[in-house]
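Undergrad: mmCIF, C-alpha atoms and all ligand atoms, saved as coords37.cif, coming up:
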```
data_query
#
loop_
_atom_site.label_atom_id
_atom_site.label_comp_id
_atom_site.auth_asym_id
_atom_site.auth_seq_id
_atom_site.Cartn_x
_atom_site.Cartn_y
_atom_site.Cartn_z
CA MET U 497 11.03 0.86 -21.59
CA THR U 498 7.56 0.22 -23.02
CA GLU U 499 5.67 3.02 -24.77
CA LEU U 500 2.13 4.26 -24.30
CA LEU U 501 -0.46 1.84 -25.70
CA ARG U 502 -3.17 3.96 -27.31
CA SER U 503 -6.80 3.35 -26.38
CA TRP U 504 -10.10 4.39 -27.97
CA VAL U 505 -10.92 5.82 -24.52
CA GLU U 506 -9.30 9.18 -25.31
CA THR U 507 -8.60 10.28 -21.72
CA ALA U 508 -6.41 7.20 -21.27
CA ASN U 509 -3.94 8.60 -23.81
CA ASP U 510 -3.18 11.73 -21.76
CA PRO U 511 0.45 11.36 -20.59
CA ASP U 512 -0.63 12.50 -17.10
CA SER U 513 -3.48 10.00 -16.79
CA PRO U 514 -2.83 7.54 -13.96
CA PHE U 515 -4.80 4.90 -15.89
CA PRO U 516 -3.53 4.43 -19.47
CA LEU U 517 -4.07 1.17 -21.36
CA ASN U 518 -0.69 0.04 -20.02
CA ASN U 519 -2.08 0.05 -16.47
CA LEU U 520 -5.52 -1.64 -16.27
CA PRO U 521 -5.75 -1.79 -12.46
CA PHE U 522 -8.55 -3.86 -10.92
CA GLY U 523 -11.08 -2.61 -8.38
CA VAL U 524 -14.65 -2.93 -7.15
CA PHE U 525 -17.27 -0.27 -7.90
CA SER U 526 -20.99 0.42 -7.76
CA ALA U 527 -23.29 3.07 -9.20
CA GLY U 528 -26.27 2.88 -6.87
CA ASP U 529 -26.42 -0.86 -7.58
CA ALA U 530 -24.56 -4.03 -6.59
CA PRO U 531 -20.76 -3.73 -6.23
CA ARG U 532 -18.84 -5.64 -8.92
CA CYS U 533 -15.36 -5.77 -10.44
CA GLY U 534 -14.03 -3.22 -12.88
CA VAL U 535 -10.84 -1.83 -14.35
CA ALA U 536 -9.85 1.83 -14.53
CA ILE U 537 -9.17 3.25 -18.01
CA GLY U 538 -8.61 7.03 -18.34
CA ASP U 539 -11.44 8.75 -16.47
CA ARG U 540 -13.74 5.75 -16.89
CA VAL U 541 -14.41 2.43 -15.17
CA LEU U 542 -14.97 -0.61 -17.37
CA ASP U 543 -17.63 -2.96 -15.94
CA LEU U 544 -16.07 -6.44 -16.03
CA ALA U 545 -19.26 -8.12 -14.82
CA ALA U 546 -21.05 -6.69 -17.89
CA LEU U 547 -18.30 -7.92 -20.22
CA GLN U 548 -18.40 -11.34 -18.59
CA ALA U 549 -22.21 -11.48 -18.99
CA ALA U 550 -21.86 -10.44 -22.66
CA GLY U 551 -19.40 -13.27 -23.28
CA LEU U 552 -16.50 -10.92 -24.03
CA LEU U 553 -14.53 -12.26 -21.04
CA PRO U 554 -14.40 -15.83 -19.66
CA GLU U 555 -16.21 -16.52 -16.37
CA SER U 556 -13.81 -15.12 -13.75
CA GLY U 557 -16.02 -14.16 -10.81
CA PHE U 558 -16.21 -10.51 -11.90
CA ASP U 559 -19.85 -10.22 -10.77
CA ALA U 560 -18.69 -10.64 -7.13
CA PRO U 561 -18.09 -7.62 -4.85
CA ALA U 562 -14.41 -8.59 -4.45
CA LEU U 563 -11.50 -9.62 -6.66
CA ASN U 564 -10.64 -12.73 -4.62
CA SER U 565 -12.04 -15.36 -7.07
CA PHE U 566 -10.10 -13.84 -9.93
CA MET U 567 -6.96 -13.38 -7.80
CA ALA U 568 -7.06 -17.08 -6.85
CA LYS U 569 -6.82 -18.17 -10.52
CA GLY U 570 -3.10 -17.50 -10.86
CA LYS U 571 -0.75 -15.95 -13.35
CA GLU U 572 -1.94 -17.63 -16.58
CA ALA U 573 -5.53 -16.44 -15.98
CA TRP U 574 -4.28 -12.97 -14.97
CA ALA U 575 -2.23 -12.72 -18.17
CA ASP U 576 -5.13 -14.00 -20.31
CA ILE U 577 -7.60 -11.41 -18.95
CA ARG U 578 -5.00 -8.65 -19.27
CA ALA U 579 -4.36 -9.57 -22.93
CA ARG U 580 -8.10 -9.66 -23.71
CA LEU U 581 -8.74 -6.30 -22.00
CA THR U 582 -5.76 -4.74 -23.78
CA ASP U 583 -7.22 -5.90 -27.08
CA LEU U 584 -10.78 -4.74 -26.29
CA LEU U 585 -9.64 -1.27 -25.26
CA ARG U 586 -6.98 -0.77 -27.95
CA GLU U 587 -7.45 2.16 -30.35
CA GLY U 588 -9.84 1.21 -33.17
CA ASN U 589 -11.59 -1.61 -31.28
CA ALA U 590 -14.56 0.30 -29.77
CA SER U 591 -18.02 -1.25 -29.96
CA ASP U 592 -21.49 -0.43 -28.63
CA THR U 593 -21.24 -3.23 -26.06
CA LEU U 594 -17.93 -1.88 -24.78
CA ARG U 595 -19.16 1.73 -24.71
CA ALA U 596 -22.22 0.62 -22.72
CA ALA U 597 -19.94 -1.05 -20.15
CA LEU U 598 -18.07 2.21 -19.40
CA GLN U 599 -19.01 4.42 -16.47
CA GLU U 600 -17.63 7.81 -15.54
CA MET U 601 -15.28 7.35 -12.62
CA GLY U 602 -16.67 10.49 -10.98
CA GLY U 603 -20.12 8.87 -10.88
CA VAL U 604 -19.25 5.60 -9.16
CA THR U 605 -18.44 4.54 -5.61
CA LEU U 606 -15.19 2.64 -5.17
CA HIS U 607 -15.16 -0.14 -2.58
CA LEU U 608 -12.48 -2.22 -0.89
CA PRO U 609 -11.14 -4.09 -3.95
CA PHE U 610 -10.70 -7.50 -2.30
CA THR U 611 -11.69 -9.23 0.91
CA VAL U 612 -8.61 -8.89 3.09
CA ALA U 613 -7.88 -12.38 4.40
CA GLU U 614 -5.10 -11.42 6.80
CA TYR U 615 -2.89 -8.40 7.14
CA THR U 616 0.81 -8.51 7.98
CA ASP U 617 2.94 -5.41 8.27
CA PHE U 618 6.70 -5.42 7.75
CA TYR U 619 9.50 -3.02 8.64
CA ALA U 620 11.72 -3.11 5.53
CA GLY U 621 12.76 0.55 5.22
CA ARG U 622 16.34 0.90 6.38
CA GLN U 623 16.19 4.65 6.95
CA HIS U 624 12.88 4.30 8.80
CA ALA U 625 14.24 1.53 11.02
CA PHE U 626 17.33 3.63 11.70
CA ASN U 627 15.29 6.75 12.50
CA VAL U 628 12.87 4.94 14.79
CA GLY U 629 15.69 3.02 16.47
CA SER U 630 17.50 6.33 17.05
CA LEU U 631 14.39 7.97 18.51
CA PHE U 632 13.17 5.11 20.69
CA ARG U 633 16.50 3.54 21.64
CA ASP U 634 20.03 4.57 20.69
CA PRO U 635 21.53 5.97 17.43
CA GLU U 636 24.65 3.83 18.03
CA ASN U 637 22.59 0.63 17.91
CA ALA U 638 19.57 1.83 15.97
CA LEU U 639 19.00 -1.28 13.87
CA PRO U 640 17.85 -4.34 15.82
CA PRO U 641 20.39 -7.21 15.53
CA ASN U 642 18.05 -9.29 13.33
CA TRP U 643 17.20 -6.48 10.90
CA LEU U 644 19.83 -7.15 8.21
CA HIS U 645 19.02 -10.89 8.26
CA ILE U 646 15.22 -11.17 8.18
CA PRO U 647 12.30 -8.96 7.12
CA ILE U 648 10.74 -8.24 10.54
CA GLY U 649 6.96 -8.06 10.71
CA TYR U 650 3.92 -8.41 12.96
CA ASN U 651 0.48 -9.88 12.37
CA GLY U 652 -1.98 -6.99 12.07
CA ARG U 653 -5.75 -6.77 11.76
CA ALA U 654 -7.58 -7.45 8.49
CA SER U 655 -10.90 -6.35 10.05
CA THR U 656 -10.04 -2.65 10.00
CA VAL U 657 -8.43 -2.38 6.57
CA VAL U 658 -10.54 0.23 4.75
CA VAL U 659 -10.66 1.75 1.29
CA SER U 660 -9.43 5.25 0.54
CA GLY U 661 -11.90 7.95 1.63
CA THR U 662 -13.18 6.06 4.68
CA GLU U 663 -13.29 8.41 7.68
CA PHE U 664 -12.63 7.11 11.16
CA HIS U 665 -12.37 8.34 14.71
CA ARG U 666 -9.17 9.17 16.53
CA PRO U 667 -8.25 6.02 18.47
CA MET U 668 -8.57 5.73 22.23
CA GLY U 669 -6.00 3.82 24.19
CA GLN U 670 -3.96 3.33 27.28
CA LEU U 671 -1.25 5.97 27.52
CA LYS U 672 1.60 6.54 29.92
CA GLY U 673 4.13 9.31 29.51
CA PRO U 674 7.64 8.92 30.97
CA GLN U 675 6.74 11.25 33.87
CA ASP U 676 3.37 9.65 34.64
CA ALA U 677 3.15 7.42 37.72
CA MET U 678 0.15 5.54 36.33
CA PRO U 679 -1.27 5.01 32.83
CA GLY U 680 -4.50 6.70 31.80
CA PHE U 681 -7.10 5.95 29.11
CA GLY U 682 -7.89 8.59 26.50
CA PRO U 683 -7.59 9.77 22.88
CA SER U 684 -4.19 9.35 21.25
CA LYS U 685 -2.31 12.66 21.09
CA ARG U 686 0.42 11.39 18.77
CA LEU U 687 -1.55 10.09 15.79
CA ASP U 688 0.67 9.41 12.77
CA ILE U 689 0.82 7.98 9.26
CA GLU U 690 3.11 5.40 7.72
CA LEU U 691 3.67 5.65 3.95
CA GLU U 692 3.77 2.09 2.64
CA MET U 693 3.04 -0.10 -0.34
CA GLY U 694 0.80 -3.14 0.14
CA ALA U 695 1.43 -6.39 -1.77
CA VAL U 696 -1.73 -8.38 -2.49
CA VAL U 697 -1.38 -12.16 -2.41
CA GLY U 698 -3.30 -13.99 -5.14
CA LEU U 699 -2.26 -17.62 -4.86
CA PRO U 700 -2.39 -19.35 -1.46
CA THR U 701 0.01 -21.84 0.12
CA GLU U 702 -0.84 -24.82 2.27
CA MET U 703 0.24 -25.10 5.88
CA GLY U 704 3.77 -26.53 5.90
CA GLN U 705 4.45 -25.68 2.25
CA ARG U 706 7.82 -24.05 1.57
CA ILE U 707 8.23 -21.57 -1.26
CA SER U 708 11.20 -19.92 -2.96
CA VAL U 709 11.43 -16.17 -3.48
CA ASP U 710 10.61 -16.74 -7.18
CA GLU U 711 7.50 -18.74 -6.28
CA ALA U 712 6.50 -16.04 -3.81
CA ASP U 713 6.82 -13.41 -6.54
CA ASP U 714 4.53 -15.49 -8.77
CA MET U 715 1.90 -15.59 -5.98
CA ILE U 716 1.63 -11.79 -5.80
CA PHE U 717 -1.30 -10.39 -7.81
CA GLY U 718 -0.51 -6.70 -7.46
CA TYR U 719 0.14 -3.68 -5.29
CA VAL U 720 -1.76 -0.87 -3.57
CA LEU U 721 -0.76 2.22 -1.62
CA LEU U 722 -1.14 1.63 2.10
CA ASN U 723 -1.32 3.99 5.06
CA ASP U 724 -0.53 2.18 8.32
CA TRP U 725 -2.08 4.73 10.70
CA SER U 726 -0.19 4.58 13.99
CA ALA U 727 -0.87 5.96 17.47
CA ARG U 728 2.68 6.59 18.69
CA ASP U 729 1.77 7.17 22.33
CA ILE U 730 -0.27 3.95 22.55
CA GLN U 731 2.58 2.18 20.74
CA ALA U 732 5.30 3.47 23.08
CA TRP U 733 3.53 2.04 26.13
CA GLU U 734 2.34 -1.27 24.73
CA TYR U 735 4.97 -2.43 22.25
CA GLN U 736 7.44 -4.37 24.38
CA PRO U 737 7.91 -7.30 24.11
CA LEU U 738 5.30 -8.45 21.56
CA GLY U 739 5.21 -5.46 19.16
CA PRO U 740 2.40 -3.13 18.10
CA PHE U 741 -1.14 -4.10 19.09
CA GLN U 742 -3.85 -1.44 19.58
CA ALA U 743 -1.52 1.29 18.26
CA LYS U 744 -2.12 0.06 14.72
CA ALA U 745 -5.32 -1.97 14.97
CA PHE U 746 -7.86 0.85 14.58
CA ALA U 747 -7.44 1.57 10.83
CA THR U 748 -5.29 0.79 7.79
CA THR U 749 -6.22 2.57 4.54
CA ILE U 750 -5.49 1.23 1.05
CA SER U 751 -5.94 2.79 -2.40
CA PRO U 752 -8.96 1.47 -4.35
CA TRP U 753 -7.18 0.05 -7.43
CA VAL U 754 -4.90 -2.99 -7.35
CA VAL U 755 -2.12 -2.27 -9.84
CA THR U 756 -1.02 -5.59 -11.27
CA LYS U 757 2.50 -6.92 -11.26
CA ALA U 758 2.24 -7.10 -15.06
CA ALA U 759 1.61 -3.34 -15.32
CA LEU U 760 4.60 -2.67 -13.07
CA ALA U 761 6.94 -5.10 -14.87
CA PRO U 762 8.82 -2.39 -16.85
CA PHE U 763 9.66 -0.70 -13.54
CA ARG U 764 11.23 -3.61 -11.68
CA CYS U 765 14.51 -2.79 -9.97
CA ALA U 766 16.95 -4.46 -7.62
CA THR U 767 17.02 -4.11 -3.85
CA PRO U 768 19.95 -2.04 -2.50
CA PRO U 769 23.33 -3.78 -1.94
CA ARG U 770 23.22 -6.37 0.86
CA GLU U 771 25.11 -5.34 3.97
CA LYS U 772 25.08 -8.94 5.24
CA GLU U 773 24.68 -11.97 3.03
CA LEU U 774 21.13 -13.25 3.27
CA LEU U 775 20.29 -16.87 4.00
CA PRO U 776 19.23 -18.82 0.89
CA HIS U 777 15.48 -18.87 1.63
CA ILE U 778 15.20 -15.09 1.23
CA ARG U 779 17.90 -14.44 -1.35
CA ASP U 780 16.43 -12.77 -4.44
CA THR U 781 17.25 -14.04 -7.92
CA GLY U 782 16.56 -10.83 -9.86
CA PRO U 783 14.98 -7.39 -9.60
CA MET U 784 11.80 -7.71 -7.51
CA LEU U 785 11.38 -4.18 -6.18
CA TYR U 786 9.77 -1.37 -8.20
CA ASP U 787 10.67 2.19 -9.11
CA ILE U 788 7.53 3.95 -7.84
CA ASP U 789 7.53 7.65 -6.95
CA LEU U 790 5.57 8.28 -3.76
CA SER U 791 4.35 11.41 -2.01
CA VAL U 792 2.24 12.45 0.96
CA THR U 793 0.18 15.61 1.41
CA MET U 794 -1.37 16.92 4.61
CA ALA U 795 -4.27 19.39 4.81
CA ALA U 796 -5.71 21.11 7.87
CA PRO U 797 -9.55 21.31 7.89
CA GLY U 798 -10.49 23.48 4.88
CA GLY U 799 -6.82 24.09 4.13
CA THR U 800 -4.61 23.59 1.08
CA PRO U 801 -2.88 20.22 0.84
CA THR U 802 0.84 20.60 1.54
CA GLU U 803 3.36 18.08 0.30
CA ILE U 804 5.24 16.78 3.34
CA CYS U 805 7.09 13.81 1.85
CA ARG U 806 8.47 12.63 -1.49
CA THR U 807 10.30 9.33 -1.76
CA ASN U 808 10.47 6.08 -3.76
CA TYR U 809 9.54 2.44 -3.14
CA ASN U 810 12.96 1.43 -4.53
CA THR U 811 14.65 2.45 -1.26
CA LEU U 812 13.30 -0.59 0.62
CA TYR U 813 15.78 -3.23 1.76
CA TYR U 814 13.49 -6.24 1.21
CA SER U 815 11.04 -6.86 -1.65
CA ALA U 816 7.49 -8.13 -1.07
CA ALA U 817 8.54 -11.45 -2.63
CA GLN U 818 11.30 -11.83 -0.03
CA GLN U 819 8.83 -10.92 2.71
CA LEU U 820 6.29 -13.44 1.45
CA ALA U 821 8.90 -16.22 1.13
CA HIS U 822 10.02 -15.51 4.68
CA HIS U 823 6.39 -15.38 5.91
CA ALA U 824 5.69 -18.89 4.59
CA SER U 825 9.10 -20.29 5.59
CA SER U 826 8.03 -21.66 8.97
CA GLY U 827 5.02 -23.44 7.50
CA CYS U 828 2.59 -20.52 7.87
CA ALA U 829 -0.27 -20.91 5.38
CA MET U 830 -0.80 -17.90 3.13
CA ARG U 831 -4.26 -17.07 1.82
CA THR U 832 -5.76 -15.45 -1.26
CA GLY U 833 -6.37 -11.85 -0.21
CA ASP U 834 -3.50 -11.62 2.25
CA LEU U 835 -2.17 -8.08 2.43
CA LEU U 836 1.52 -7.46 3.17
CA GLY U 837 2.48 -3.93 4.23
CA SER U 838 6.01 -3.09 3.06
CA GLY U 839 7.07 -1.12 6.10
CA THR U 840 7.38 2.65 6.18
CA ILE U 841 9.17 3.98 3.10
CA SER U 842 11.60 6.70 4.19
CA GLY U 843 14.28 7.98 1.82
CA PRO U 844 17.73 8.94 3.09
CA GLU U 845 17.03 12.66 3.74
CA LYS U 846 14.56 14.85 5.57
CA GLY U 847 11.70 15.54 3.15
CA MET U 848 11.79 11.86 2.21
CA PHE U 849 10.60 10.51 5.56
CA GLY U 850 7.36 8.51 5.47
CA SER U 851 6.01 9.28 8.95
CA LEU U 852 5.39 12.40 11.04
CA LEU U 853 7.37 10.76 13.85
CA GLU U 854 10.47 11.04 11.65
CA MET U 855 9.57 14.33 9.92
CA THR U 856 9.15 16.12 13.25
CA TRP U 857 11.83 14.01 14.97
CA GLY U 858 9.55 12.69 17.66
CA GLY U 859 7.48 15.91 17.84
CA ARG U 860 10.51 18.15 18.48
CA ASP U 861 10.49 20.03 15.11
CA PRO U 862 6.97 21.00 13.95
CA ILE U 863 6.24 21.19 10.21
CA THR U 864 4.45 24.22 8.70
CA LEU U 865 1.56 23.77 6.26
CA GLU U 866 0.67 26.14 3.34
CA GLY U 867 -1.92 28.02 5.41
CA GLY U 868 0.61 28.68 8.19
CA GLU U 869 -0.71 25.99 10.54
CA THR U 870 1.96 23.93 12.27
CA ARG U 871 1.79 20.23 13.07
CA THR U 872 3.75 17.70 15.01
CA PHE U 873 1.13 14.94 14.78
CA ILE U 874 -2.35 14.70 13.18
CA GLU U 875 -5.15 16.93 14.51
CA ASP U 876 -8.90 16.30 14.20
CA GLY U 877 -10.20 17.09 10.72
CA ASP U 878 -6.81 16.78 9.04
CA THR U 879 -6.70 14.95 5.71
CA LEU U 880 -3.69 12.85 4.71
CA THR U 881 -3.25 11.71 1.11
CA LEU U 882 -0.75 9.19 -0.24
CA GLN U 883 -0.07 9.17 -3.98
CA GLY U 884 2.16 7.10 -6.22
CA HIS U 885 3.04 6.33 -9.81
CA ALA U 886 5.72 4.68 -11.92
CA GLN U 887 6.89 7.02 -14.69
CA GLY U 888 7.26 5.53 -18.18
CA GLU U 889 8.10 7.14 -21.55
CA GLY U 890 5.03 9.32 -22.21
CA TYR U 891 2.77 7.47 -19.78
CA ARG U 892 2.52 6.68 -16.10
CA ILE U 893 1.22 3.79 -14.06
CA GLY U 894 -0.77 5.49 -11.29
CA PHE U 895 -2.38 4.10 -8.16
CA GLY U 896 -5.16 6.58 -7.42
CA PRO U 897 -5.02 8.41 -4.10
CA CYS U 898 -5.09 6.79 -0.66
CA VAL U 899 -6.96 9.34 1.49
CA GLY U 900 -8.06 9.50 5.10
CA THR U 901 -9.62 12.21 7.27
CA ILE U 902 -9.54 11.94 11.04
CA LEU U 903 -12.75 12.48 13.04
CA PRO U 904 -12.62 13.43 16.74
CA ALA U 905 -12.40 10.59 19.26
CA ARG U 906 -15.80 9.02 19.77
CA ASP U 907 -17.65 9.63 23.02
CA GLN U 908 -18.22 6.57 25.11
CA GLY U 909 -21.45 4.64 24.57
MN MN V 1 3.88 0.00 9.36
#
```
Could I get this structure in the form of structure tokens?
TA:
Amino acid sequence: MTELLRSWVETANDPDSPFPLNNLPFGVFSAGDAPRCGVAIGDRVLDLAALQAAGLLPESGFDAPALNSFMAKGKEAWADIRARLTDLLREGNASDTLRAALQEMGGVTLHLPFTVAEYTDFYAGRQHAFNVGSLFRDPENALPPNWLHIPIGYNGRASTVVVSGTEFHRPMGQLKGPQDAMPGFGPSKRLDIELEMGAVVGLPTEMGQRISVDEADDMIFGYVLLNDWSARDIQAWEYQPLGPFQAKAFATTISPWVVTKAALAPFRCATPPREKELLPHIRDTGPMLYDIDLSVTMAAPGGTPTEICRTNYNTLYYSAAQQLAHHASSGCAMRTGDLLGSGTISGPEKGMFGSLLEMTWGGRDPITLEGGETRTFIEDGDTLTLQGHAQGEGYRIGFGPCVGTILPARDQG
């Protein structure tokens, strides 16, 4: 396991800092001026547009308000910039130009880090699929027959992917309870989260191009935390036979820093044992999942955040590389900026479940927050926060929080 790389930015050397020199996640920030690309280091943001203008970095599109140009350059360019940044920020290498390019993270606004080309959400958590199958169908046949053979997914909406901290209104939708004769239209009463990781595609494929799992892994630029907000009552009524539609189209929140595959390399791990042999096009050739500790807190308005879930990304059945290889396998063109949701990450026990649907077993068993409030699903004003990090020897690779607060449903007009 790699050790902490020491930086002249002192706060980056704190073993609890999410952003040591080993991490160098990419994002987009502004400080009352034009948004541009930066990397997080300790409690500072390094302005990559300024370094590019000063000639300290090659022209990489860092003056743009999105990482897409840089992401499209591929793994040699990613490795080159990472090596240069590591050198510039290494202990002993400070300069006036570099100091002038640092901003306090508390003083900047973080934006969506890349233009989301398209958004696909998968369903790769075995425990989650089992729980949902048990709740919605039958515990005896909880897993759909295809589940152990292909990473199931649906095409979601890129237009409503938002950065952490973006507030949004409770979704409206068509609802029909089992006892209702007719559906009605109103605010969702069963608003939920899904704890997921998002893989960010850097390199595109052409329509018709086939890729191996290894090639798919090379196309992935990095990872973010992802909350696939879900309206369970809208979902229950609409989902058959074409899958989720409006139940998940109103908002998807991602964390503001894209943690690169290079930063996560020491934490690669294998997928769990295969229960059925996979077909060759999605068979992995090595460890392509990551050991990333994940947690979720929930806070009532003005209340203390309460941890409601703790789990790990390594429990997923399919890696993002397998999902991407499968996604392109029919001839589907993949684009720079495509976002692939992993599927809800639920560990094997209660307390490790990544959605309220599972934690409360369909709303049957309410959870109690620190202030004594109880919840089955999300109420107006509640704040949900996803967090994650990979733990190294004396350092951690953090993601920065993925936060959302729910506003009341919007009045018509
Ligand atoms: Mn999902």
Undergrad: Using only C-alpha atoms, which residues of range 790-905 of chain U come within 8 Å of range 763-783 of chain U, and what is the closest atom pair for each, with the distance in Å to one decimal? Give it as a tab-separated table, sorted by chain and residue number.
TA:
```
residue	atom	partner	partner_atom	distance
U:Asn810	CA	U:Thr767	CA	6.9
U:Thr811	CA	U:Pro768	CA	7.1
U:Leu812	CA	U:Thr767	CA	6.8
U:Tyr813	CA	U:Thr767	CA	5.8
U:Tyr814	CA	U:Thr767	CA	6.5
U:Ser815	CA	U:Thr767	CA	6.9
U:Gln818	CA	U:Ile778	CA	5.2
U:Gln819	CA	U:Ile778	CA	7.8
U:Ala821	CA	U:Ile778	CA	6.4
U:His822	CA	U:Ile778	CA	6.2
U:Ser825	CA	U:His777	CA	7.6
U:Ala886	CA	U:Phe763	CA	6.9
```
Undergrad: Can you tell me how far CA of Met678 in chain U sits from CA of Ile730 in chain U, in Å to one decimal?
TA: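 Pair CA of Met678 in chain U / CA of Ile730 in chain U returns 13.9 Å.
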Undergrad: At a cut-off of 7 Å and counting all atoms listed in the file, what residues surround ligand MN 1 (chain V)? Please answer as a VMD selection string.
TA: chain U and resid 617 to 619 690 724 837 839 to 840
Undergrad: Given the selection you just returned, output its residues as a file containing C-alpha atoms, formatted as a short mmCIF file (atom, residue, chain, number, x, y, z; two decimals), in the frame of the given file.
TA:
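Heads up, here's the output in part-v2.cif:
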```cif
data_model
loop_
_atom_site.label_atom_id
_atom_site.label_comp_id
_atom_site.auth_asym_id
_atom_site.auth_seq_id
_atom_site.Cartn_x
_atom_site.Cartn_y
_atom_site.Cartn_z
CA ASP U 617 2.94 -5.41 8.27
CA PHE U 618 6.70 -5.42 7.75
CA TYR U 619 9.50 -3.02 8.64
CA GLU U 690 3.11 5.40 7.72
CA ASP U 724 -0.53 2.18 8.32
CA GLY U 837 2.48 -3.93 4.23
CA GLY U 839 7.07 -1.12 6.10
CA THR U 840 7.38 2.65 6.18
#
```
Undergrad: Listing only residues of range 544-637 of chain U within 7 Å of range 694-701 of chain U, what is the closest atom pair and its distance in Å (to one decimal) for each, using all atoms listed in the file, sorted by chain and residue number ascending, as CSV?
TA:
```
residue,atom,partner,partner_atom,distance
U:Met567,CA,U:Gly698,CA,4.6
U:Ala568,CA,U:Gly698,CA,5.2
U:Gly570,CA,U:Leu699,CA,6.1
```
Undergrad: Got a sec: who's within 12 Å of range 631-643 of chain U, counting all atoms listed in the file, leaving out chain neighbours fewer than 2 positions off, as an MDAnalysis selection string?
TA: chainID U and resid 618:629 645:649 728:729 731:733 735:736 770:772 774 813:814 853:860
Undergrad: With C-alpha atoms retained, write the just-selected residues as a tab-separated table (two decimals), in the coordinates of the input.
TA:
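part-v5.tsv written:
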```tsv
chain	number	residue	atom	x	y	z
U	618	PHE	CA	6.70	-5.42	7.75
U	619	TYR	CA	9.50	-3.02	8.64
U	620	ALA	CA	11.72	-3.11	5.53
U	621	GLY	CA	12.76	0.55	5.22
U	622	ARG	CA	16.34	0.90	6.38
U	623	GLN	CA	16.19	4.65	6.95
U	624	HIS	CA	12.88	4.30	8.80
U	625	ALA	CA	14.24	1.53	11.02
U	626	PHE	CA	17.33	3.63	11.70
U	627	ASN	CA	15.29	6.75	12.50
U	628	VAL	CA	12.87	4.94	14.79
U	629	GLY	CA	15.69	3.02	16.47
U	645	HIS	CA	19.02	-10.89	8.26
U	646	ILE	CA	15.22	-11.17	8.18
U	647	PRO	CA	12.30	-8.96	7.12
U	648	ILE	CA	10.74	-8.24	10.54
U	649	GLY	CA	6.96	-8.06	10.71
U	728	ARG	CA	2.68	6.59	18.69
U	729	ASP	CA	1.77	7.17	22.33
U	731	GLN	CA	2.58	2.18	20.74
U	732	ALA	CA	5.30	3.47	23.08
U	733	TRP	CA	3.53	2.04	26.13
U	735	TYR	CA	4.97	-2.43	22.25
U	736	GLN	CA	7.44	-4.37	24.38
U	770	ARG	CA	23.22	-6.37	0.86
U	771	GLU	CA	25.11	-5.34	3.97
U	772	LYS	CA	25.08	-8.94	5.24
U	774	LEU	CA	21.13	-13.25	3.27
U	813	TYR	CA	15.78	-3.23	1.76
U	814	TYR	CA	13.49	-6.24	1.21
U	853	LEU	CA	7.37	10.76	13.85
U	854	GLU	CA	10.47	11.04	11.65
U	855	MET	CA	9.57	14.33	9.92
U	856	THR	CA	9.15	16.12	13.25
U	857	TRP	CA	11.83	14.01	14.97
U	858	GLY	CA	9.55	12.69	17.66
U	859	GLY	CA	7.48	15.91	17.84
U	860	ARG	CA	10.51	18.15	18.48
```
Undergrad: Kindly indicate which residue among U:Asp539, U:Asp878, U:Glu702, U:Glu499 lies nearest to Gly603 in chain U, using all atoms listed in the file for the distances.
TA: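 Ranking U:Asp539, U:Asp878, U:Glu702, U:Glu499 by distance to Gly603 in chain U, first place goes to U:Asp539.
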Undergrad: Ranking U:Leu608, U:Leu520, U:Met703, U:Ala613 by minimum distance to Leu836 in chain U and counting only C-alpha atoms, which one comes first?
TA: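 Looking at the shortest contact to Leu836 in chain U, the residue is U:Ala613.
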Undergrad: Using all atoms listed in the file, which of U:Arg578, U:Thr749, U:His885, U:Met830 sits nearest Ser655 in chain U?
TA: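 Closest to Ser655 in chain U of all the choices is U:Thr749.
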Undergrad: Given all atoms listed in the file as the basis, pick out the residue of U:Leu865, U:Ala743, U:Ala677, U:Leu835 nearest to Ala796 in chain U.
TA: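 Result for the nearest residue to Ala796 in chain U: U:Leu865.
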Undergrad: Could you pull range 659-666 of chain U out of the block above and give me N, CA and C atoms, as an mmCIF file, in the first residue's frame?
TA:
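What landed in decode-v8.cif:
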```
data_model
loop_
_atom_site.group_PDB
_atom_site.id
_atom_site.type_symbol
_atom_site.label_atom_id
_atom_site.label_comp_id
_atom_site.auth_asym_id
_atom_site.auth_seq_id
_atom_site.Cartn_x
_atom_site.Cartn_y
_atom_site.Cartn_z
ATOM 1 N N VAL U 659 -24.915 19.224 -8.926
ATOM 2 C CA VAL U 659 -23.781 19.102 -8.011
ATOM 3 C C VAL U 659 -24.273 19.153 -6.562
ATOM 4 N N SER U 660 -23.506 18.538 -5.701
ATOM 5 C CA SER U 660 -23.785 18.539 -4.264
ATOM 6 C C SER U 660 -24.164 19.936 -3.769
ATOM 7 N N GLY U 661 -25.181 20.011 -2.936
ATOM 8 C CA GLY U 661 -25.622 21.283 -2.363
ATOM 9 C C GLY U 661 -26.789 21.902 -3.099
ATOM 10 N N THR U 662 -27.105 21.396 -4.292
ATOM 11 C CA THR U 662 -28.226 21.929 -5.062
ATOM 12 C C THR U 662 -29.545 21.481 -4.417
ATOM 13 N N GLU U 663 -30.384 22.459 -4.056
ATOM 14 C CA GLU U 663 -31.689 22.108 -3.482
ATOM 15 C C GLU U 663 -32.685 21.895 -4.610
ATOM 16 N N PHE U 664 -33.686 21.087 -4.348
ATOM 17 C CA PHE U 664 -34.730 20.896 -5.364
ATOM 18 C C PHE U 664 -36.033 20.544 -4.674
ATOM 19 N N HIS U 665 -37.104 20.686 -5.447
ATOM 20 C CA HIS U 665 -38.440 20.480 -4.904
ATOM 21 C C HIS U 665 -38.834 19.012 -4.937
ATOM 22 N N ARG U 666 -39.619 18.638 -3.954
ATOM 23 C CA ARG U 666 -40.199 17.284 -3.930
ATOM 24 C C ARG U 666 -40.918 17.041 -5.263
#
```
